[in-house]
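Novice: Next comes protein-v7.csv, CSV, C-alpha atoms:
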chain,number,residue,atom,x,y,z
N,1,MET,CA,127.5,-73.9,80.1
N,2,ASN,CA,127.4,-72.3,76.7
N,3,PRO,CA,129.4,-69.1,76.5
N,4,ALA,CA,127.8,-68.2,73.1
N,5,LEU,CA,124.5,-67.6,74.8
N,6,ALA,CA,125.8,-65.0,77.2
N,7,VAL,CA,125.2,-61.3,76.9
N,8,VAL,CA,124.7,-60.7,73.1
N,9,THR,CA,122.8,-57.6,72.3
N,10,PRO,CA,121.4,-57.6,68.8
N,11,TYR,CA,121.2,-53.8,68.6
N,12,THR,CA,123.4,-50.8,69.3
N,13,VAL,CA,122.3,-47.4,70.4
N,14,PRO,CA,124.5,-44.3,69.6
N,15,ALA,CA,126.4,-43.5,72.8
N,16,GLY,CA,125.3,-39.9,73.2
N,17,LEU,CA,121.7,-40.6,72.6
N,18,MET,CA,121.3,-42.9,75.6
N,19,ASP,CA,123.1,-40.5,77.8
N,20,ALA,CA,120.8,-37.6,76.7
N,21,LEU,CA,117.7,-39.8,77.3
N,22,GLN,CA,118.9,-40.8,80.8
N,23,VAL,CA,119.8,-37.2,81.8
N,24,THR,CA,116.4,-35.9,80.5
N,25,VAL,CA,114.5,-38.5,82.5
N,26,LEU,CA,116.5,-37.8,85.6
N,27,VAL,CA,115.8,-34.1,85.3
N,28,LEU,CA,112.1,-34.9,84.8
N,29,ILE,CA,112.2,-37.1,87.9
N,30,ALA,CA,113.6,-34.3,90.0
N,31,ALA,CA,110.9,-31.9,88.8
N,32,GLY,CA,108.2,-34.5,89.3
N,33,ALA,CA,109.3,-35.3,92.8
N,34,THR,CA,109.4,-31.6,93.7
N,35,ALA,CA,105.9,-31.2,92.2
N,36,VAL,CA,104.5,-34.0,94.4
N,37,VAL,CA,105.9,-32.4,97.5
N,38,VAL,CA,104.9,-28.8,96.6
N,39,ILE,CA,101.2,-29.7,95.8
N,40,ARG,CA,99.4,-29.6,99.1
N,41,GLU,CA,95.8,-30.5,98.3
N,42,PRO,CA,95.6,-34.3,98.9
N,43,VAL,CA,93.6,-35.4,95.9
N,44,ARG,CA,95.7,-33.3,93.5
N,45,GLN,CA,98.8,-34.7,95.2
N,46,VAL,CA,97.7,-38.3,94.6
N,47,ILE,CA,97.2,-37.5,90.9
N,48,ALA,CA,100.7,-35.9,90.8
N,49,LEU,CA,102.1,-39.0,92.6
N,50,SER,CA,100.4,-41.2,89.9
N,51,ALA,CA,102.0,-39.2,87.1
N,52,TYR,CA,105.3,-39.4,89.0
N,53,GLY,CA,104.9,-43.2,89.0
N,54,VAL,CA,104.7,-43.1,85.2
N,55,LEU,CA,107.9,-41.0,85.1
N,56,LEU,CA,109.7,-43.5,87.4
N,57,ALA,CA,108.6,-46.3,85.1
N,58,VAL,CA,110.2,-44.5,82.2
N,59,LEU,CA,113.3,-44.0,84.3
N,60,PHE,CA,113.6,-47.7,84.9
N,61,LEU,CA,113.1,-48.4,81.2
N,62,ALA,CA,115.8,-45.9,80.2
N,63,PHE,CA,118.1,-47.7,82.7
N,64,GLN,CA,117.4,-51.1,81.2
N,65,ALA,CA,115.1,-52.6,83.8
N,66,PRO,CA,111.9,-53.5,82.0
N,67,ASP,CA,110.7,-55.8,84.7
N,68,VAL,CA,110.9,-53.1,87.3
N,69,THR,CA,109.2,-50.8,84.8
N,70,LEU,CA,106.1,-53.1,84.8
N,71,SER,CA,106.0,-53.3,88.6
N,72,GLU,CA,106.4,-49.5,89.0
N,73,LEU,CA,103.8,-48.8,86.4
N,74,THR,CA,101.1,-50.9,88.1
N,75,VAL,CA,102.1,-50.4,91.8
N,76,GLY,CA,103.3,-46.8,91.6
N,77,SER,CA,100.8,-45.3,89.2
N,78,VAL,CA,97.7,-47.5,89.7
N,79,VAL,CA,97.5,-49.4,92.9
N,80,LEU,CA,99.1,-47.0,95.3
N,81,PRO,CA,97.1,-43.9,94.1
N,82,MET,CA,93.9,-46.0,94.2
N,83,LEU,CA,94.6,-47.0,97.9
N,84,LEU,CA,95.3,-43.4,98.8
N,85,LEU,CA,92.1,-42.1,97.0
N,86,LEU,CA,90.0,-44.7,98.8
N,87,THR,CA,91.5,-43.7,102.1
N,88,LEU,CA,90.8,-40.0,101.4
N,89,ALA,CA,87.2,-40.9,100.5
N,90,LYS,CA,86.8,-42.8,103.7
N,91,VAL,CA,88.3,-40.0,105.8
N,92,ARG,CA,86.2,-37.2,104.1
N,93,ARG,CA,83.0,-39.2,104.6
N,94,ARG,CA,83.7,-39.5,108.3
N,95,GLU,CA,84.3,-35.7,108.5
N,96,LYS,CA,80.9,-34.9,107.0
W,1,MET,CA,120.9,-21.2,125.4
W,2,THR,CA,120.5,-18.0,123.5
W,3,PRO,CA,119.1,-18.1,119.9
W,4,ALA,CA,122.4,-16.7,118.6
W,5,LEU,CA,124.4,-19.6,120.1
W,6,ARG,CA,121.9,-22.1,118.9
W,7,ARG,CA,122.2,-20.7,115.4
W,8,TRP,CA,126.0,-21.0,115.5
W,9,ILE,CA,125.8,-24.6,116.7
W,10,PHE,CA,123.4,-25.3,113.8
W,11,LEU,CA,125.6,-23.6,111.3
W,12,ALA,CA,128.7,-25.6,112.5
W,13,GLY,CA,126.7,-28.8,112.3
W,14,ALA,CA,125.3,-28.0,108.9
W,15,ALA,CA,128.8,-27.1,107.6
W,16,GLY,CA,130.1,-30.4,108.9
W,17,LEU,CA,127.3,-32.3,107.2
W,18,VAL,CA,127.9,-30.5,103.9
W,19,ALA,CA,131.7,-31.2,104.1
W,20,PHE,CA,131.2,-34.9,104.8
W,21,TYR,CA,128.6,-35.2,102.1
W,22,LEU,CA,130.9,-33.5,99.5
W,23,TRP,CA,133.8,-35.7,100.7
W,24,GLY,CA,131.6,-38.8,100.2
W,25,LEU,CA,130.5,-37.7,96.7
W,26,VAL,CA,134.1,-37.2,95.6
W,27,GLY,CA,134.9,-40.9,96.5
W,28,LEU,CA,132.0,-42.4,94.6
W,29,PRO,CA,132.7,-44.6,91.6
W,30,GLY,CA,131.8,-43.1,88.2
W,31,PHE,CA,128.2,-43.3,86.8
W,32,GLY,CA,127.4,-46.8,85.7
W,33,ASP,CA,130.7,-48.1,86.9
W,34,TYR,CA,130.3,-51.7,88.3
W,35,PRO,CA,133.3,-52.8,90.4
W,36,GLY,CA,132.0,-56.1,91.7
W,37,PRO,CA,132.6,-59.5,90.0
W,38,TYR,CA,129.3,-61.0,91.0
W,39,GLY,CA,127.1,-59.4,88.3
W,40,ASP,CA,129.6,-60.1,85.5
W,41,ILE,CA,129.8,-63.7,86.6
W,42,ILE,CA,126.0,-64.1,86.7
W,43,ASN,CA,125.7,-62.5,83.3
W,44,ARG,CA,128.1,-64.9,81.9
W,45,ILE,CA,126.9,-68.2,83.4
W,46,ALA,CA,123.2,-67.7,84.3
W,47,VAL,CA,121.7,-68.7,80.9
W,48,GLY,CA,123.9,-71.7,80.5
W,49,GLN,CA,123.2,-72.9,84.1
W,50,THR,CA,119.5,-72.4,84.3
W,51,ASN,CA,118.3,-72.3,80.7
W,52,ALA,CA,116.4,-69.1,81.6
W,53,THR,CA,117.0,-66.2,79.3
W,54,GLY,CA,115.4,-63.8,81.8
W,55,VAL,CA,118.4,-63.6,84.0
W,56,VAL,CA,116.6,-61.4,86.6
W,57,SER,CA,114.2,-64.3,87.2
W,58,ALA,CA,117.1,-66.7,87.4
W,59,VAL,CA,118.7,-64.5,90.1
W,60,ASN,CA,115.4,-63.9,92.0
W,61,PHE,CA,114.1,-67.5,92.0
W,62,GLU,CA,117.3,-69.5,91.9
W,63,TYR,CA,120.6,-67.8,92.9
W,64,ARG,CA,119.0,-65.8,95.7
W,65,GLY,CA,115.8,-67.8,96.0
W,66,ILE,CA,115.9,-67.9,99.8
W,67,ASP,CA,115.8,-64.1,99.9
W,68,THR,CA,112.8,-64.1,97.7
W,69,VAL,CA,111.0,-66.6,100.0
W,70,GLY,CA,111.5,-64.0,102.7
W,71,GLU,CA,110.1,-61.1,100.5
W,72,GLU,CA,107.2,-63.3,99.5
W,73,PHE,CA,106.2,-63.8,103.1
W,74,ILE,CA,106.6,-60.1,103.9
W,75,LEU,CA,103.9,-59.4,101.3
W,76,PHE,CA,101.8,-62.3,102.7
W,77,VAL,CA,102.0,-61.0,106.2
W,78,ALA,CA,101.3,-57.4,105.0
W,79,ALA,CA,98.1,-58.5,103.3
W,80,ALA,CA,97.1,-60.6,106.3
W,81,GLY,CA,97.8,-57.5,108.5
W,82,VAL,CA,95.5,-55.3,106.3
W,83,SER,CA,92.7,-57.8,106.7
W,84,VAL,CA,93.2,-57.9,110.5
W,85,VAL,CA,93.3,-54.2,110.9
W,86,LEU,CA,90.3,-53.6,108.6
W,87,ARG,CA,88.2,-56.4,110.1
W,88,HIS,CA,84.6,-55.6,111.0
W,89,LEU,CA,84.4,-54.1,114.4
W,90,ARG,CA,81.4,-54.6,116.7
W,91,SER,CA,80.8,-50.8,116.7
W,92,GLU,CA,80.5,-50.8,112.9
W,93,ARG,CA,77.6,-51.8,110.7
W,94,GLU,CA,77.8,-52.8,107.1
W,95,ARG,CA,75.6,-51.4,104.4
W,96,GLU,CA,74.1,-53.6,101.8
W,97,ALA,CA,76.3,-53.6,98.6
W,98,LEU,CA,73.2,-53.2,96.5
W,99,ASP,CA,72.1,-50.0,98.4
W,100,GLU,CA,75.6,-48.6,97.8
W,101,ALA,CA,75.5,-49.5,94.1
W,102,ARG,CA,72.1,-47.7,93.7
W,103,GLU,CA,73.4,-44.5,95.4
W,104,ALA,CA,76.8,-44.3,93.7
W,105,PRO,CA,77.1,-41.7,91.0
W,106,PRO,CA,77.2,-43.2,87.5
W,107,THR,CA,80.6,-43.9,85.9
W,108,SER,CA,81.3,-42.0,82.7
W,109,ASP,CA,81.1,-44.0,79.5
W,110,ALA,CA,84.7,-43.1,78.6
W,111,VAL,CA,86.0,-44.8,81.8
W,112,ARG,CA,83.7,-47.8,81.2
W,113,TYR,CA,84.8,-48.4,77.7
W,114,VAL,CA,88.5,-48.0,78.5
W,115,ALA,CA,88.2,-50.5,81.4
W,116,LEU,CA,86.2,-52.9,79.2
W,117,ILE,CA,88.7,-52.8,76.4
W,118,LEU,CA,91.8,-53.1,78.6
W,119,THR,CA,90.6,-55.8,81.1
W,120,GLY,CA,91.0,-58.7,78.7
W,121,PRO,CA,94.5,-57.8,77.3
W,122,ILE,CA,95.7,-57.0,80.8
W,123,VAL,CA,94.6,-60.4,82.2
W,124,VAL,CA,96.4,-62.2,79.3
W,125,PHE,CA,99.5,-60.0,79.7
W,126,GLY,CA,99.7,-60.5,83.4
W,127,TRP,CA,99.1,-64.2,83.1
W,128,TRP,CA,101.9,-64.5,80.4
W,129,LEU,CA,104.3,-62.5,82.6
W,130,ALA,CA,103.6,-64.7,85.7
W,131,SER,CA,103.9,-68.0,83.8
W,132,HIS,CA,106.9,-67.2,81.6
W,133,ALA,CA,109.5,-66.2,84.1
W,134,GLN,CA,112.2,-67.9,81.9
W,135,THR,CA,112.1,-65.1,79.4
W,136,SER,CA,112.7,-61.4,79.9
W,137,PRO,CA,111.0,-59.2,81.2
W,138,SER,CA,108.7,-61.7,82.8
W,139,GLY,CA,108.5,-62.7,86.4
W,140,GLY,CA,106.0,-63.5,89.1
W,141,PHE,CA,105.9,-60.2,90.9
W,142,GLN,CA,105.2,-58.0,87.9
W,143,GLY,CA,102.8,-60.6,86.5
W,144,GLY,CA,100.9,-60.5,89.8
W,145,VAL,CA,100.6,-56.8,90.0
W,146,VAL,CA,99.6,-56.5,86.4
W,147,LEU,CA,96.8,-59.0,87.1
W,148,THR,CA,95.7,-56.9,90.0
W,149,THR,CA,95.3,-54.0,87.6
W,150,ALA,CA,92.6,-55.9,85.8
W,151,PHE,CA,90.6,-56.2,89.1
W,152,VAL,CA,91.1,-52.5,89.7
W,153,LEU,CA,89.8,-51.7,86.2
W,154,ILE,CA,86.6,-53.8,86.9
W,155,TYR,CA,86.1,-51.8,90.1
W,156,LEU,CA,86.8,-48.5,88.2
W,157,ALA,CA,84.2,-49.4,85.6
W,158,GLY,CA,81.6,-49.0,88.3
W,159,GLN,CA,81.2,-52.7,88.7
W,160,PHE,CA,81.7,-52.9,92.4
W,161,LEU,CA,79.3,-55.8,92.7
W,162,ALA,CA,81.2,-57.7,90.0
W,163,PHE,CA,84.5,-56.8,91.8
W,164,GLN,CA,83.1,-58.5,94.9
W,165,ARG,CA,81.8,-61.5,93.0
W,166,ILE,CA,85.0,-62.2,91.2
W,167,SER,CA,87.2,-61.7,94.2
W,168,PRO,CA,85.4,-63.1,97.3
W,169,THR,CA,87.6,-62.7,100.3
W,170,ASP,CA,87.6,-66.4,101.2
W,171,LEU,CA,88.8,-67.4,97.7
W,172,THR,CA,91.4,-64.6,97.5
W,173,GLU,CA,92.8,-65.6,100.8
W,174,ALA,CA,93.0,-69.2,99.7
W,175,VAL,CA,94.7,-68.4,96.5
W,176,GLU,CA,97.2,-66.2,98.4
W,177,ALA,CA,98.0,-69.0,100.8
W,178,VAL,CA,98.4,-71.5,97.9
W,179,GLY,CA,100.8,-69.1,96.2
W,180,ALA,CA,103.0,-68.5,99.3
W,181,GLY,CA,102.9,-72.1,100.4
W,182,GLY,CA,103.6,-73.3,96.8
W,183,PHE,CA,106.9,-71.4,96.7
W,184,ALA,CA,108.0,-72.8,100.1
W,185,ALA,CA,106.8,-76.3,99.0
W,186,VAL,CA,109.0,-76.2,95.9
W,187,GLY,CA,111.9,-75.5,98.1
W,188,VAL,CA,111.0,-78.4,100.5
W,189,GLY,CA,110.6,-80.6,97.4
W,190,ALA,CA,114.3,-80.2,96.7
W,191,VAL,CA,115.0,-81.2,100.3
W,192,ALA,CA,112.9,-84.3,100.0
W,193,LEU,CA,115.1,-85.3,97.1
W,194,GLY,CA,118.2,-85.0,99.2
W,195,LEU,CA,119.2,-81.6,97.7
W,196,ALA,CA,119.7,-78.2,99.4
W,197,TYR,CA,116.6,-76.1,99.9
W,198,LEU,CA,115.3,-74.5,96.7
W,199,THR,CA,117.7,-76.4,94.5
W,200,ASN,CA,116.4,-76.5,90.9
W,201,PHE,CA,115.4,-80.1,90.7
W,202,LEU,CA,113.2,-80.1,87.6
W,203,PRO,CA,114.4,-80.7,84.1
W,204,LEU,CA,115.8,-77.5,82.5
W,205,GLY,CA,114.5,-78.2,79.0
W,206,SER,CA,116.5,-78.0,75.8
W,207,THR,CA,115.9,-74.5,74.5
W,208,PRO,CA,116.9,-71.6,76.7
W,209,GLY,CA,113.9,-69.4,77.3
W,210,GLY,CA,111.5,-72.0,75.8
W,211,VAL,CA,108.1,-72.7,77.3
W,212,PHE,CA,109.3,-75.8,79.2
W,213,SER,CA,112.7,-74.5,80.2
W,214,SER,CA,114.3,-73.3,83.5
W,215,GLY,CA,112.9,-76.0,85.8
W,216,THR,CA,111.7,-74.7,89.2
W,217,ILE,CA,112.3,-71.0,88.2
W,218,ALA,CA,109.1,-70.9,86.1
W,219,LEU,CA,107.2,-72.9,88.6
W,220,ILE,CA,108.2,-70.7,91.6
W,221,SER,CA,107.4,-67.6,89.5
W,222,PHE,CA,103.9,-68.9,88.8
W,223,PHE,CA,103.3,-69.4,92.5
W,224,VAL,CA,104.7,-65.9,93.2
W,225,GLY,CA,102.4,-64.5,90.5
W,226,ILE,CA,99.2,-65.8,92.0
W,227,GLU,CA,100.4,-64.9,95.5
W,228,VAL,CA,101.1,-61.3,94.6
W,229,ALA,CA,97.9,-60.9,92.6
W,230,ALA,CA,95.8,-62.3,95.5
W,231,ALA,CA,97.6,-60.3,98.1
W,232,PHE,CA,97.1,-57.0,96.2
W,233,VAL,CA,93.5,-57.8,95.3
W,234,LEU,CA,92.9,-58.6,99.0
W,235,ILE,CA,94.4,-55.3,100.1
W,236,VAL,CA,92.5,-53.2,97.5
W,237,GLY,CA,89.3,-55.2,98.2
W,238,GLU,CA,89.5,-54.5,102.0
W,239,LEU,CA,90.0,-50.8,101.4
W,240,VAL,CA,87.1,-50.6,98.9
W,241,GLU,CA,84.9,-52.4,101.4
W,242,GLN,CA,86.0,-50.0,104.2
W,243,THR,CA,85.3,-47.0,102.0
W,244,LEU,CA,82.0,-48.1,100.5
W,245,LEU,CA,80.3,-50.4,103.0
W,246,VAL,CA,81.4,-50.0,106.5
W,247,ARG,CA,79.8,-47.3,108.6
W,248,GLU,CA,80.3,-46.3,112.2
W,249,GLY,CA,77.5,-46.9,114.7
W,250,THR,CA,75.6,-50.0,115.9
W,251,LYS,CA,73.0,-51.9,113.9
The structure given in the file should be rewritten as structure tokens.

Specialist:
Amino acid sequence: MNPALAVVTPYTVPAGLMDALQVTVLVLIAAGATAVVVIREPVRQVIALSAYGVLLAVLFLAFQAPDVTLSELTVGSVVLPMLLLLTLAKVRRREK
Amino acid sequence: MTPALRRWIFLAGAAGLVAFYLWGLVGLPGFGDYPGPYGDIINRIAVGQTNATGVVSAVNFEYRGIDTVGEEFILFVAAAGVSVVLRHLRSEREREALDEAREAPPTSDAVRYVALILTGPIVVFGWWLASHAQTSPSGGFQGGVVLTTAFVLIYLAGQFLAFQRISPTDLTEAVEAVGAGGFAAVGVGAVALGLAYLTNFLPLGSTPGGVFSSGTIALISFFVGIEVAAAFVLIVGELVEQTLLVREGTK
């Protein structure tokens, strides 16, 4: 074990700045989640969900989890909306 | 029960809930406060023990590798479940992919160009993520899903036929099985050497975070990457097929 390798951050962020960023993102998350619930038209709702996925990715980045950011960005804002849109297309075609 | 009584019972219950909720909030530790010793210990020893500078990967594929095996098979079973549920039923007929391609509305040039420009870099990025778990922010899962995005882009570019050609179901299923099985096999490999399941038995390399460092962590992550990518491509492919090709009614 080499203790010199452990937990050395080569940068510092002003304390207040990081807090301001995290609070801003949390407020945006609350607004985004509300928007997804309030929008009732399914296709618009999926688009809002996709945008909300991007917001969540920013949240994870602001809370120092870049690996989760990458997963959320692809699963939450690309793959999941795509699966939902495909399902909507299938259901609508059947209704015709 | 009269409506008035029902309302009183609800209000009493709601008040109790709010009281308990507030009481619970008061007792919470402060924001960002971490009381447990486990995370601090891992942060201090992980790099030295595993030679992986991506400590998240070290935790996922080494310290709690057995949990990750379980998660891996959850995704595996989910993808298998989607293929079973969306299998072709006798009452359904399938349209020719070519017919569908002729009828589909043309994709806009903007979407085509964006997809064309992004596909290559995304494949490289996803592959790098999946095969370099020893550095942050890499790892098999995010690498796998990023690779999936490349397949989704090809579909979005209007190349449904190309999407089918580059991800035939048989091949995708085989890759998925190799990924899931490979992870489990690495664990069994340790057992064959007389060590505990999933013990890191490969050389750790000399440079922390280097290409040939971290032993089984990078190897497991690679298997996880191809498993995740194949599972997601399989799920997306099944839904695309359902939407575009399968119609109700007999032949």

Novice: Can you write out as CSV which residues of chain N fall within 12 Å of chain W, alongside each residue's closest atom pair and its distance in Å to one decimal, counting all atoms listed in the file and ordering rows by chain and ascending residue number?

Specialist:
residue,atom,partner,partner_atom,distance
N:Met1,CA,W:Gly48,CA,4.2
N:Asn2,CA,W:Gly48,CA,5.2
N:Pro3,CA,W:Arg44,CA,7.0
N:Ala4,CA,W:Gly48,CA,9.1
N:Leu5,CA,W:Val47,CA,6.8
N:Ala6,CA,W:Arg44,CA,5.2
N:Val7,CA,W:Asn43,CA,6.5
N:Val8,CA,W:Arg44,CA,10.3
N:Asp19,CA,W:Phe31,CA,10.7
N:Gln22,CA,W:Phe31,CA,11.3
N:Val23,CA,W:Phe31,CA,11.5
N:Leu61,CA,W:Pro137,CA,11.0
N:Phe63,CA,W:Gly32,CA,9.8
N:Gln64,CA,W:Pro137,CA,10.3
N:Ala65,CA,W:Pro137,CA,8.2
N:Pro66,CA,W:Pro137,CA,5.8
N:Asp67,CA,W:Pro137,CA,4.9
N:Val68,CA,W:Gln142,CA,7.5
N:Thr69,CA,W:Gln142,CA,8.8
N:Leu70,CA,W:Gln142,CA,5.9
N:Ser71,CA,W:Gln142,CA,4.8
N:Glu72,CA,W:Gln142,CA,8.7
N:Leu73,CA,W:Val146,CA,8.8
N:Thr74,CA,W:Val146,CA,6.0
N:Val75,CA,W:Val145,CA,6.8
N:Gly76,CA,W:Val145,CA,10.5
N:Ser77,CA,W:Thr149,CA,10.4
N:Val78,CA,W:Thr149,CA,7.2
N:Val79,CA,W:Thr149,CA,7.4
N:Leu80,CA,W:Val236,CA,9.3
N:Pro81,CA,W:Val236,CA,10.9
N:Met82,CA,W:Val236,CA,8.0
N:Leu83,CA,W:Val236,CA,6.6
N:Leu84,CA,W:Leu239,CA,9.5
N:Leu85,CA,W:Thr243,CA,9.8
N:Leu86,CA,W:Thr243,CA,6.1
N:Thr87,CA,W:Thr243,CA,7.0
N:Leu88,CA,W:Thr243,CA,8.9
N:Ala89,CA,W:Thr243,CA,6.6
N:Lys90,CA,W:Thr243,CA,4.8
N:Val91,CA,W:Thr243,CA,8.5
N:Arg92,CA,W:Thr243,CA,10.1
N:Arg93,CA,W:Thr243,CA,8.5
N:Arg94,CA,W:Glu248,CA,8.5
N:Glu95,CA,W:Glu248,CA,11.9

Novice: One number please: atom CA of N:Thr34 to atom CA of W:Ala14, in Å, one decimal.

Specialist: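 Taking atom CA of N:Thr34 and atom CA of W:Ala14, their separation equals 22.3 Å.
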
Novice: Using only C-alpha atoms, which protein or nucleic acid residues come within 10 Å of stretch 180-189 of chain W? Drop anything in the same chain fewer than 2 positions from it, and give the result as a PyMOL selection string.

Specialist: chain W and resi 61+65-66+68-70+72-73+75-76+175-178+191-201+216-217+219-228+231

Novice: I'd like the interatomic distance between atom CA of W:Pro106 and atom CA of W:Ala162, to a tenth of an Å.

Specialist: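 Atom CA of W:Ala162 lies 15.2 Å from atom CA of W:Pro106.
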
Novice: Taking into account all atoms listed in the file, which residue in the set N:Thr12, N:Gly32, N:Leu17, N:Ala57 is nearest to N:Gln45?

Specialist: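 Closest residue, counting all atoms listed in the file: N:Gly32.
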
Novice: For atom CA of W:Leu25 and atom CA of N:Leu49, quote the distance in Å rounded to one decimal.

Specialist: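 Pair atom CA of W:Leu25 / atom CA of N:Leu49 returns 28.7 Å.
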
Novice: Between W:Ser83, W:Ser214, W:Thr169, W:Gln159, which one has atoms that come closest to W:Leu202, using only C-alpha atoms?

Specialist: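 Counting only C-alpha atoms, the residue closest to W:Leu202 is W:Ser214.
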